[in-house]
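Everything on this sheet refers to the single structure shown next.
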Amino acid sequence: MHKNIKTIKLRSSIYGPRFLTDDINKFLVIKILIPFIIGIIIQDYFHFNILISIIGFSIFFILSLIVKSFKGKQKSKTRFLFMKLACVCFVFMGMYITENKYVTIPIIDNSKAYYGVISEPLEEKEKSIKTQITVLDLSFSEKFEILAYFEKDSLLNIEMGDLLYISSKIDRIKSNGNPLEFDYADYMSKNGIYFRTYINNSNYQILKNGYKKGLRYYSCKIRNYLLSIYRKSGFSEKELGVLEALTLGYKNDLDEETKSAFQSSGAMHVLAVSGLHTGIIMMITDFLLKFLKKNRRQKIIKCGIICIIIWLFAAITGFSSSVNRAALMFSIMSIGKSIDRNSSTYNSLAVSCFILLMINPYLIFNVGFGLSYLAVLSIISCMPLFEKIQELSKSVIIKYFLGIIVVSISAQIGTSVLSICTFRQFPTYFLLTNIIIIPVAYAIMILAIALLITNSIPIISTIIFYPLKYSVKFMTESVSWIESLPGSCIKNIFLPNSSAILLYLVLFSIIVFIFYKQFYWVKLSAIGLLLVSLIYLSEIKGRNADELLIVYNCNKASAIQIGNKLITNSQNIDKYFIDMYIPPSELAGYKNIEIINQDSLSKISDNFFMIDKKIVGIIDNDEFINIEPTLKIDYLILSKNVECNLKNLSEKYKPEIIILDSSNSKKYREQVTKESLNKNINIYDVNVNGAFILGDAKKILKKY
């Protein structure tokens with residue numbers, strides 16, 4: 001009997017409560033967070049008037065207070081109703097916070113110059129210096145933020161906090177509108193930024209250096225000082241770029257080859273300063289302050305020092321979202337520990353998420369935000385399942401590496417679906433990468449801190465420099481080696497959004513079944529997998545190689561996708577070009593993509609195609625203007641600034657739409673558009689409206 005009781009207790013400690021609802025009821029913050037997030041999503045999608053959220057919150061808050069005041073025998077029903085009303089209150093709160101954070105598109109008057117303060121650290125690009133400027137009104141009050149690109153110049157002497165007088169033109173940020181391409185304009189709008197400007201040497205004047213000084217200004221100064229120590233130490237360019245990114249979150253010196261190697265090998269999370277790095281800082285600080293544990297007062301002092309150092313690290317690394325999340329969560333956990341409260345990790349995670357979303361609700365749409373929380377959530381959910389694996393060995397070293405394996409697999413379980421949906425690739429050797437890279441990252445962080453502290457003592461700093469240098473070199477070479485292995489990264493994986501949601505429900509059901517041993521969760525996961533399979537089969541069946549037309553919006557070049565052919569006049573078909581324009585074809589089921597040089601289309605018949613029972617014609621020289629058509633052309637694509645009389649062309653071919661591809665100059669497009677308005681001709685300009693998509697491509701791509 002006693003043995004059975006012990007077994008039940010052990011089972012409960014490993015697998016948790018018998019019912020999922022029992023566990024959820026313990027996590028009050030999670031019950032608040034979920035409806036709050038629902039409110040954010042609803043408001044972003046529908047953009048209700050802010051009065052609706054205020055009135056809705058007020059009504060349901062009063063109703064919840066009324067229900068709470070009821071005293072009777074049915075306390076459980078009253079409590080249940082109160083919680084439901086409270087959840088609705090948080091839905092309206094999420095709507096209110098989102099609408100309150102929403103930045104309306106400012107009205108720009110480019111006939112006037114304006115004042116601005118540089119609000120972000122300068123970032124060096126290939127042809128410019130990128131930063132962010134806060135535009136001020138005449139009373140020097142903040143109006144709105146814009147992206148700014150300064151002309152590269154050896155005499156450029158600006159920095160964060162400077163007040164400028166600027167006369168450059170402000171333009172609206174636009175996305176190319178190509179299928180599967182990152183929507184940069186939408187991303188920036190969720191950060192309240194709608195405009196950008198290009199500033200040359202004659203377009204600005206420095207009115208006052210260091211006009212606006214704050215925490216970020218001084219933290220930027222500290223980071224620049226620490227970067228100068230690294231740069232004087234004698235690292236190679238590649239080593240320096242990796243060291244700066246790994247320890248200080250500064251990625252400007254990383255070359256594209258290194259970024260690609262880290263991404264393909266599954267080690268990009270090491271370069272993105274986040275929970276791993278913040279955790280190392282916390283561990284080092286906790287170890288150094290180990291003596292402060294005698295009483296509650298010492299524990300509170302220790303907690304305060306740890307929190308200060310964590311947030312100082314966050315400041316130095318630029319207050320990136322990933323570091324803020326980690327710093328906030330570790331701070332909450334540290335505070336709970338200092339007051340002898342074993343706060344739930346789930347609640348700590350939910351509290352940090354709730355606070356960050358209160359500050360900026362649009363973070364919920366940030367991929368990095370999602371990946372970060374999914375990774376941590378997956379780790380803390382899966383770790384109990386692997387605890388017994390570590391008990392198989394008494395060796396500390398073996399336990400350590402088993403811990404890395406467990407954490408890596410857990411994080412990959414949580415993030416793989418979202419990662420594939422976003423980046424459309426999967427690093428197959430992620431486990432090998434983490435086993436090698438994570439211990440080295442620990443060593444690099446510790447050695448880097450030691451180097452920065454002992455910089456003024458040449459003998460000691462020199463001794464530290466060499467193991468640090470070779471640790472960074474070992475990391476970069478290991479990552480490059482893993483990337484070079486056969487099949488190191490599976491690319492161009494396409495997962496519909498509906499399938500992604502179903503897969504997360506399947507993962508959730510499997511984890512819940514393992515914990516609570518309730519068989520209906522297995523049924524739910526099986527149903528989810530069946531639906532994913534049916535969606536995939538229906539996608540394949542619905543594809544038709546003869547029904548795809550995409551006229552892309554690319555940089556001053558023609559790129560027209562017709563079936564399995566990509567017609568382009570670009571002289572440099574480089575890797576970036578292929579990666580950008582081939583994926584939609586692979587998604588449509590085409591295995592062999594034929595790239596055709598537009599100038600090689602010598603026959604007139606080569607320029608006409610049948611797509612989705614519509615005739616498409618490409619007109620890129622005078623020969624097509626003079627021929628007599630025998631058929632009605634449904635879609636005409638004008639390319640390479642072909643000279644034509646738009647009215648005669650329209651009367652001759654009678655097209656539904658005339659499409660201007662991106663090889664046409666701005667002057668030509670404006671001229672044709674103006675003429676079309678006067679003569680009531682339907683024109684589609686890909687530079688303005690984004691890629692033109694017709695047929696099977698339109699049906700498939702909208703699901704991704």
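The chains in the structure tokens are called A, B, ... from first to last as shown; in each chain the residues are counted from 1, and the ligands are counted from 1 in the order shown.
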
### Task
Give me the residues within 6 Å of range 486-499 of chain A as a PyMOL selection string, counting only C-alpha atoms and dropping any in the same chain fewer than 2 places off.
chain A and resi 264+421+424-428+483+501-502+532+703-704

Written selection (all heavy atoms) as a short mmCIF file (atom, residue, chain, number, x, y, z; two decimals), in the first residue's frame:
```cif
data_model
loop_
_atom_site.label_atom_id
_atom_site.label_comp_id
_atom_site.auth_asym_id
_atom_site.auth_seq_id
_atom_site.Cartn_x
_atom_site.Cartn_y
_atom_site.Cartn_z
N SER A 264 22.34 28.25 -42.24
CA SER A 264 22.16 26.93 -42.84
C SER A 264 22.49 25.80 -41.86
O SER A 264 21.95 24.70 -41.96
CB SER A 264 23.02 26.79 -44.10
OG SER A 264 22.64 27.73 -45.07
N CYS A 421 7.62 27.88 -41.88
CA CYS A 421 6.64 28.78 -42.50
C CYS A 421 7.27 30.11 -42.90
O CYS A 421 6.92 30.68 -43.93
CB CYS A 421 5.51 29.08 -41.51
SG CYS A 421 4.14 27.94 -41.66
N ARG A 424 11.26 28.94 -44.72
CA ARG A 424 11.12 27.87 -45.71
C ARG A 424 12.38 27.02 -45.85
O ARG A 424 12.78 26.63 -46.94
CB ARG A 424 10.72 28.46 -47.08
CG ARG A 424 9.40 29.18 -46.97
CD ARG A 424 8.91 29.73 -48.29
NE ARG A 424 7.60 30.30 -48.09
CZ ARG A 424 7.39 31.56 -47.72
NH1 ARG A 424 8.40 32.37 -47.56
NH2 ARG A 424 6.17 32.02 -47.52
N GLN A 425 13.03 26.77 -44.71
CA GLN A 425 14.18 25.88 -44.71
C GLN A 425 14.33 25.22 -43.35
O GLN A 425 13.78 25.69 -42.35
CB GLN A 425 15.46 26.64 -45.07
CG GLN A 425 15.85 27.75 -44.11
CD GLN A 425 17.12 28.45 -44.54
OE1 GLN A 425 17.40 28.59 -45.73
NE2 GLN A 425 17.90 28.90 -43.58
N PHE A 426 15.08 24.10 -43.31
CA PHE A 426 15.26 23.37 -42.06
C PHE A 426 16.70 22.86 -41.99
O PHE A 426 17.15 22.12 -42.87
CB PHE A 426 14.28 22.20 -41.98
CG PHE A 426 14.38 21.43 -40.69
CD1 PHE A 426 13.79 21.92 -39.53
CD2 PHE A 426 15.07 20.23 -40.65
CE1 PHE A 426 13.88 21.22 -38.34
CE2 PHE A 426 15.16 19.52 -39.46
CZ PHE A 426 14.57 20.02 -38.31
N PRO A 427 17.45 23.25 -40.92
CA PRO A 427 18.83 22.77 -40.76
C PRO A 427 18.84 21.34 -40.22
O PRO A 427 18.43 21.09 -39.08
CB PRO A 427 19.43 23.76 -39.74
CG PRO A 427 18.26 24.26 -38.96
CD PRO A 427 17.07 24.21 -39.88
N THR A 428 19.28 20.38 -41.00
CA THR A 428 19.19 18.97 -40.63
C THR A 428 20.18 18.57 -39.54
O THR A 428 19.95 17.61 -38.82
CB THR A 428 19.41 18.08 -41.86
OG1 THR A 428 20.61 18.50 -42.52
CG2 THR A 428 18.26 18.20 -42.84
N GLU A 483 27.94 23.35 -42.46
CA GLU A 483 27.20 23.83 -43.64
C GLU A 483 27.61 23.07 -44.89
O GLU A 483 26.80 22.84 -45.79
CB GLU A 483 27.42 25.33 -43.83
CG GLU A 483 26.57 25.92 -44.94
CD GLU A 483 27.14 27.21 -45.52
OE1 GLU A 483 28.35 27.43 -45.39
OE2 GLU A 483 26.37 27.96 -46.13
N ILE A 501 -0.97 25.75 -38.43
CA ILE A 501 -1.81 25.82 -37.22
C ILE A 501 -2.19 24.41 -36.77
O ILE A 501 -2.14 24.09 -35.58
CB ILE A 501 -3.07 26.66 -37.50
CG1 ILE A 501 -2.68 28.13 -37.76
CG2 ILE A 501 -4.05 26.59 -36.34
CD1 ILE A 501 -3.80 28.98 -38.33
N LEU A 502 -2.56 23.57 -37.72
CA LEU A 502 -2.94 22.19 -37.39
C LEU A 502 -1.77 21.42 -36.78
O LEU A 502 -1.94 20.65 -35.84
CB LEU A 502 -3.44 21.47 -38.64
CG LEU A 502 -4.85 21.85 -39.13
CD1 LEU A 502 -5.11 21.26 -40.50
CD2 LEU A 502 -5.90 21.37 -38.13
N VAL A 532 -3.90 17.60 -42.25
CA VAL A 532 -2.68 18.14 -42.88
C VAL A 532 -2.39 17.37 -44.17
O VAL A 532 -2.06 17.96 -45.21
CB VAL A 532 -1.47 18.06 -41.92
CG1 VAL A 532 -0.17 18.37 -42.66
CG2 VAL A 532 -1.65 19.03 -40.76
N LYS A 703 -2.38 31.09 -50.11
CA LYS A 703 -2.49 30.24 -48.93
C LYS A 703 -1.22 30.25 -48.08
O LYS A 703 -1.17 29.61 -47.03
CB LYS A 703 -2.80 28.80 -49.35
CG LYS A 703 -4.11 28.68 -50.13
CD LYS A 703 -4.34 27.27 -50.59
CE LYS A 703 -5.61 27.18 -51.44
NZ LYS A 703 -5.87 25.82 -51.91
N TYR A 704 -0.19 30.97 -48.56
CA TYR A 704 1.09 30.94 -47.86
C TYR A 704 1.42 32.30 -47.27
O TYR A 704 1.00 33.31 -47.76
CB TYR A 704 2.20 30.50 -48.81
CG TYR A 704 2.05 29.05 -49.23
CD1 TYR A 704 1.19 28.70 -50.27
CD2 TYR A 704 2.73 28.06 -48.56
CE1 TYR A 704 1.02 27.37 -50.63
CE2 TYR A 704 2.57 26.73 -48.93
CZ TYR A 704 1.72 26.40 -49.96
OH TYR A 704 1.56 25.08 -50.32
#
```

### Task
With a distance cut-off of 9 Å and only C-alpha atoms, select the neighbouring residues of Pro106 in chain A, excluding the residue or stretch itself and same-chain residues fewer than 5 positions from it, and output the selection as a ChimeraX atom specification.
/A:143-144,194

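The protein and nucleic acid residues lying at most 10 Å from Ile332 in chain A are A:Cys303, A:Cys307, A:Ala326, A:Ala327, A:Lys337, A:Ser338, A:Ser343, A:Thr345, A:Asn347, A:Ser348, A:Leu349, A:Val351, A:Ser352, with only C-alpha atoms considered and sequence neighbours fewer than 5 positions away removed.
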
Please produce a file of the residues just selected, as a PDB file, in the first residue's frame, where the atoms kept are N, CA, C and O atoms.
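The resulting file, out-v4.pdb, is reproduced below:
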```pdb
ATOM      1  N   CYS A 303      19.698  39.766  -5.682  1.00  0.00           N
ATOM      2  CA  CYS A 303      18.699  39.867  -6.757  1.00  0.00           C
ATOM      3  C   CYS A 303      18.789  41.215  -7.459  1.00  0.00           C
ATOM      4  O   CYS A 303      18.745  41.290  -8.690  1.00  0.00           O
ATOM      5  N   CYS A 307      19.718  41.776 -11.400  1.00  0.00           N
ATOM      6  CA  CYS A 307      18.788  42.477 -12.299  1.00  0.00           C
ATOM      7  C   CYS A 307      19.464  43.684 -12.963  1.00  0.00           C
ATOM      8  O   CYS A 307      19.267  43.920 -14.163  1.00  0.00           O
ATOM      9  N   ALA A 326      14.232  38.071 -22.545  1.00  0.00           N
ATOM     10  CA  ALA A 326      15.019  37.230 -21.642  1.00  0.00           C
ATOM     11  C   ALA A 326      15.317  37.955 -20.339  1.00  0.00           C
ATOM     12  O   ALA A 326      15.200  37.370 -19.255  1.00  0.00           O
ATOM     13  N   ALA A 327      15.692  39.235 -20.438  1.00  0.00           N
ATOM     14  CA  ALA A 327      16.032  40.014 -19.242  1.00  0.00           C
ATOM     15  C   ALA A 327      14.825  40.131 -18.320  1.00  0.00           C
ATOM     16  O   ALA A 327      14.950  40.005 -17.094  1.00  0.00           O
ATOM     17  N   LYS A 337      12.707  34.145  -6.581  1.00  0.00           N
ATOM     18  CA  LYS A 337      13.650  33.349  -5.801  1.00  0.00           C
ATOM     19  C   LYS A 337      14.141  34.101  -4.568  1.00  0.00           C
ATOM     20  O   LYS A 337      14.326  33.517  -3.495  1.00  0.00           O
ATOM     21  N   SER A 338      14.342  35.415  -4.699  1.00  0.00           N
ATOM     22  CA  SER A 338      14.873  36.220  -3.587  1.00  0.00           C
ATOM     23  C   SER A 338      13.884  36.359  -2.442  1.00  0.00           C
ATOM     24  O   SER A 338      14.280  36.558  -1.295  1.00  0.00           O
ATOM     25  N   SER A 343       8.114  30.651  -7.976  1.00  0.00           N
ATOM     26  CA  SER A 343       7.149  31.047  -9.005  1.00  0.00           C
ATOM     27  C   SER A 343       7.233  30.109 -10.202  1.00  0.00           C
ATOM     28  O   SER A 343       8.311  29.685 -10.591  1.00  0.00           O
ATOM     29  N   THR A 345       7.530  28.722 -13.842  1.00  0.00           N
ATOM     30  CA  THR A 345       8.224  29.227 -15.031  1.00  0.00           C
ATOM     31  C   THR A 345       7.217  29.659 -16.087  1.00  0.00           C
ATOM     32  O   THR A 345       7.444  30.617 -16.815  1.00  0.00           O
ATOM     33  N   ASN A 347       4.260  30.935 -15.484  1.00  0.00           N
ATOM     34  CA  ASN A 347       3.761  32.253 -15.086  1.00  0.00           C
ATOM     35  C   ASN A 347       4.790  33.349 -15.338  1.00  0.00           C
ATOM     36  O   ASN A 347       4.447  34.446 -15.766  1.00  0.00           O
ATOM     37  N   SER A 348       6.072  33.054 -15.059  1.00  0.00           N
ATOM     38  CA  SER A 348       7.143  34.032 -15.305  1.00  0.00           C
ATOM     39  C   SER A 348       7.213  34.379 -16.788  1.00  0.00           C
ATOM     40  O   SER A 348       7.355  35.541 -17.169  1.00  0.00           O
ATOM     41  N   LEU A 349       7.093  33.338 -17.617  1.00  0.00           N
ATOM     42  CA  LEU A 349       7.110  33.537 -19.067  1.00  0.00           C
ATOM     43  C   LEU A 349       5.914  34.375 -19.503  1.00  0.00           C
ATOM     44  O   LEU A 349       6.040  35.306 -20.309  1.00  0.00           O
ATOM     45  N   VAL A 351       4.124  36.477 -17.648  1.00  0.00           N
ATOM     46  CA  VAL A 351       4.231  37.850 -17.135  1.00  0.00           C
ATOM     47  C   VAL A 351       5.121  38.694 -18.040  1.00  0.00           C
ATOM     48  O   VAL A 351       4.782  39.826 -18.404  1.00  0.00           O
ATOM     49  N   SER A 352       6.292  38.142 -18.431  1.00  0.00           N
ATOM     50  CA  SER A 352       7.198  38.892 -19.312  1.00  0.00           C
ATOM     51  C   SER A 352       6.538  39.175 -20.659  1.00  0.00           C
ATOM     52  O   SER A 352       6.659  40.272 -21.215  1.00  0.00           O
TER      53      SER A 352
END
```

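Using only C-alpha atoms for every distance, the candidate list A:Ala272, A:Leu660, A:Ile52, A:Tyr115 yields A:Ala272 as the residue closest to Lys259 in chain A.
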
### Message
Considering only helix (DSSP H, G or I) as DSSP defines it on the backbone, what residues of range 471-528 of chain A qualify? List them as JSON, numbers by chain.
### Response
{"A": [471, 472, 473, 474, 475, 476, 477, 478, 479, 480, 481, 482, 483, 484, 497, 498, 499, 500, 501, 502, 503, 504, 505, 506, 507, 508, 509, 510, 511, 512, 513, 514, 515, 516, 520, 521, 522, 523, 524, 525, 526, 527, 528]}

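Using only C-alpha atoms, the protein and nucleic acid residues lying no more than 8 Å from Ser53 in chain A, apart from those fewer than 3 places from it along its own chain, are Phe48, Asn49, Ile50, Gly56, Phe57, Phe92, Met93, Met95 and Tyr96 of chain A.
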
### Query
Tell me, which residues of range 36-238 of chain A carry DSSP strand (DSSP E or B), written as JSON, numbers by chain?
{"A": [114, 115, 116, 117, 118, 123, 124, 128, 129, 130, 131, 132, 133, 134, 135, 136, 142, 143, 144, 145, 146, 147, 148, 149, 150, 151, 163, 164, 165, 166, 170, 171, 172, 193, 194, 195, 196, 197, 198, 199, 204, 205, 206, 207, 208]}

With C-alpha atoms kept, could you save the residues just selected as a tab-separated table (two decimals), in the first residue's frame?
```
chain	number	residue	atom	x	y	z
A	114	TYR	CA	12.29	69.68	-41.20
A	115	TYR	CA	14.11	69.10	-37.92
A	116	GLY	CA	15.06	65.62	-36.77
A	117	VAL	CA	16.93	63.78	-34.03
A	118	ILE	CA	18.88	60.59	-34.75
A	123	GLU	CA	24.34	50.91	-39.13
A	124	GLU	CA	26.72	50.64	-42.07
A	128	SER	CA	24.81	53.96	-47.22
A	129	ILE	CA	24.60	54.51	-43.47
A	130	LYS	CA	21.22	53.45	-42.06
A	131	THR	CA	19.60	54.93	-38.96
A	132	GLN	CA	16.26	56.18	-37.68
A	133	ILE	CA	15.21	59.81	-37.26
A	134	THR	CA	12.53	61.29	-35.03
A	135	VAL	CA	10.97	64.16	-36.99
A	136	LEU	CA	10.20	67.23	-34.84
A	142	GLU	CA	8.20	64.57	-31.48
A	143	LYS	CA	5.95	63.96	-34.50
A	144	PHE	CA	6.86	60.61	-36.10
A	145	GLU	CA	9.73	58.25	-36.93
A	146	ILE	CA	11.31	57.71	-40.35
A	147	LEU	CA	14.07	55.49	-41.72
A	148	ALA	CA	17.07	57.46	-42.92
A	149	TYR	CA	19.88	56.45	-45.27
A	150	PHE	CA	22.89	58.79	-45.30
A	151	GLU	CA	25.29	58.95	-48.21
A	163	LEU	CA	19.80	67.35	-33.87
A	164	LEU	CA	19.71	67.91	-37.66
A	165	TYR	CA	18.10	70.30	-40.12
A	166	ILE	CA	17.13	68.17	-43.14
A	170	ILE	CA	10.53	61.82	-47.61
A	171	ASP	CA	9.07	58.78	-49.44
A	172	ARG	CA	6.53	56.17	-48.39
A	193	ILE	CA	7.20	53.74	-39.34
A	194	TYR	CA	5.76	54.53	-42.77
A	195	PHE	CA	8.41	56.70	-44.45
A	196	ARG	CA	12.07	56.77	-45.40
A	197	THR	CA	14.50	59.32	-46.78
A	198	TYR	CA	17.84	59.32	-48.58
A	199	ILE	CA	20.13	62.10	-47.39
A	204	TYR	CA	21.41	68.12	-43.91
A	205	GLN	CA	23.07	70.33	-41.34
A	206	ILE	CA	24.07	69.43	-37.77
A	207	LEU	CA	22.47	71.93	-35.40
A	208	LYS	CA	23.61	70.36	-32.13
```

### 12 Å contact set for Ile527 in chain A, only C-alpha atoms, chain neighbours under 2 positions out, as number ranges by chain
A: 502-503, 505-506, 509-510, 520-525, 529-534

Okay, now the selection with N, CA and C atoms, as a PDB file, in the first residue's frame?
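Generated file (out.pdb):
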```pdb
ATOM      1  N   LEU A 502      -2.558  23.566 -37.725  1.00  0.00           N
ATOM      2  CA  LEU A 502      -2.938  22.190 -37.391  1.00  0.00           C
ATOM      3  C   LEU A 502      -1.765  21.417 -36.784  1.00  0.00           C
ATOM      4  N   LEU A 503      -0.558  21.632 -37.316  1.00  0.00           N
ATOM      5  CA  LEU A 503       0.618  20.930 -36.796  1.00  0.00           C
ATOM      6  C   LEU A 503       0.926  21.345 -35.360  1.00  0.00           C
ATOM      7  N   LEU A 505      -1.337  22.301 -33.223  1.00  0.00           N
ATOM      8  CA  LEU A 505      -2.374  21.632 -32.427  1.00  0.00           C
ATOM      9  C   LEU A 505      -2.032  20.157 -32.209  1.00  0.00           C
ATOM     10  N   VAL A 506      -1.446  19.537 -33.235  1.00  0.00           N
ATOM     11  CA  VAL A 506      -1.006  18.139 -33.114  1.00  0.00           C
ATOM     12  C   VAL A 506       0.097  18.012 -32.066  1.00  0.00           C
ATOM     13  N   SER A 509      -1.338  18.411 -28.627  1.00  0.00           N
ATOM     14  CA  SER A 509      -2.095  17.225 -28.226  1.00  0.00           C
ATOM     15  C   SER A 509      -1.171  16.089 -27.797  1.00  0.00           C
ATOM     16  N   ILE A 510      -0.059  15.912 -28.519  1.00  0.00           N
ATOM     17  CA  ILE A 510       0.884  14.835 -28.184  1.00  0.00           C
ATOM     18  C   ILE A 510       1.531  15.085 -26.821  1.00  0.00           C
ATOM     19  N   TYR A 520      -8.012  10.565 -25.637  1.00  0.00           N
ATOM     20  CA  TYR A 520      -8.684  11.372 -26.662  1.00  0.00           C
ATOM     21  C   TYR A 520      -7.739  12.418 -27.268  1.00  0.00           C
ATOM     22  N   TRP A 521      -6.640  12.733 -26.555  1.00  0.00           N
ATOM     23  CA  TRP A 521      -5.648  13.646 -27.146  1.00  0.00           C
ATOM     24  C   TRP A 521      -4.930  12.981 -28.326  1.00  0.00           C
ATOM     25  N   VAL A 522      -4.778  11.655 -28.254  1.00  0.00           N
ATOM     26  CA  VAL A 522      -4.187  10.913 -29.384  1.00  0.00           C
ATOM     27  C   VAL A 522      -5.120  10.984 -30.586  1.00  0.00           C
ATOM     28  N   LYS A 523      -6.419  10.869 -30.322  1.00  0.00           N
ATOM     29  CA  LYS A 523      -7.403  10.969 -31.413  1.00  0.00           C
ATOM     30  C   LYS A 523      -7.345  12.341 -32.077  1.00  0.00           C
ATOM     31  N   LEU A 524      -7.238  13.383 -31.248  1.00  0.00           N
ATOM     32  CA  LEU A 524      -7.159  14.745 -31.801  1.00  0.00           C
ATOM     33  C   LEU A 524      -5.918  14.925 -32.658  1.00  0.00           C
ATOM     34  N   SER A 525      -4.766  14.406 -32.196  1.00  0.00           N
ATOM     35  CA  SER A 525      -3.524  14.533 -32.974  1.00  0.00           C
ATOM     36  C   SER A 525      -3.621  13.749 -34.282  1.00  0.00           C
ATOM     37  N   LEU A 529      -3.281  15.321 -38.065  1.00  0.00           N
ATOM     38  CA  LEU A 529      -2.341  14.824 -39.084  1.00  0.00           C
ATOM     39  C   LEU A 529      -3.074  14.427 -40.360  1.00  0.00           C
ATOM     40  N   LEU A 530      -4.254  13.837 -40.204  1.00  0.00           N
ATOM     41  CA  LEU A 530      -5.062  13.460 -41.373  1.00  0.00           C
ATOM     42  C   LEU A 530      -5.461  14.696 -42.175  1.00  0.00           C
ATOM     43  N   LEU A 531      -5.870  15.764 -41.477  1.00  0.00           N
ATOM     44  CA  LEU A 531      -6.260  17.005 -42.157  1.00  0.00           C
ATOM     45  C   LEU A 531      -5.073  17.639 -42.874  1.00  0.00           C
ATOM     46  N   VAL A 532      -3.898  17.603 -42.246  1.00  0.00           N
ATOM     47  CA  VAL A 532      -2.682  18.138 -42.883  1.00  0.00           C
ATOM     48  C   VAL A 532      -2.394  17.372 -44.170  1.00  0.00           C
ATOM     49  N   SER A 533      -2.506  16.041 -44.127  1.00  0.00           N
ATOM     50  CA  SER A 533      -2.275  15.201 -45.314  1.00  0.00           C
ATOM     51  C   SER A 533      -3.272  15.518 -46.419  1.00  0.00           C
ATOM     52  N   LEU A 534      -4.540  15.691 -46.045  1.00  0.00           N
ATOM     53  CA  LEU A 534      -5.575  15.997 -47.044  1.00  0.00           C
ATOM     54  C   LEU A 534      -5.325  17.354 -47.696  1.00  0.00           C
TER      55      LEU A 534
END
```
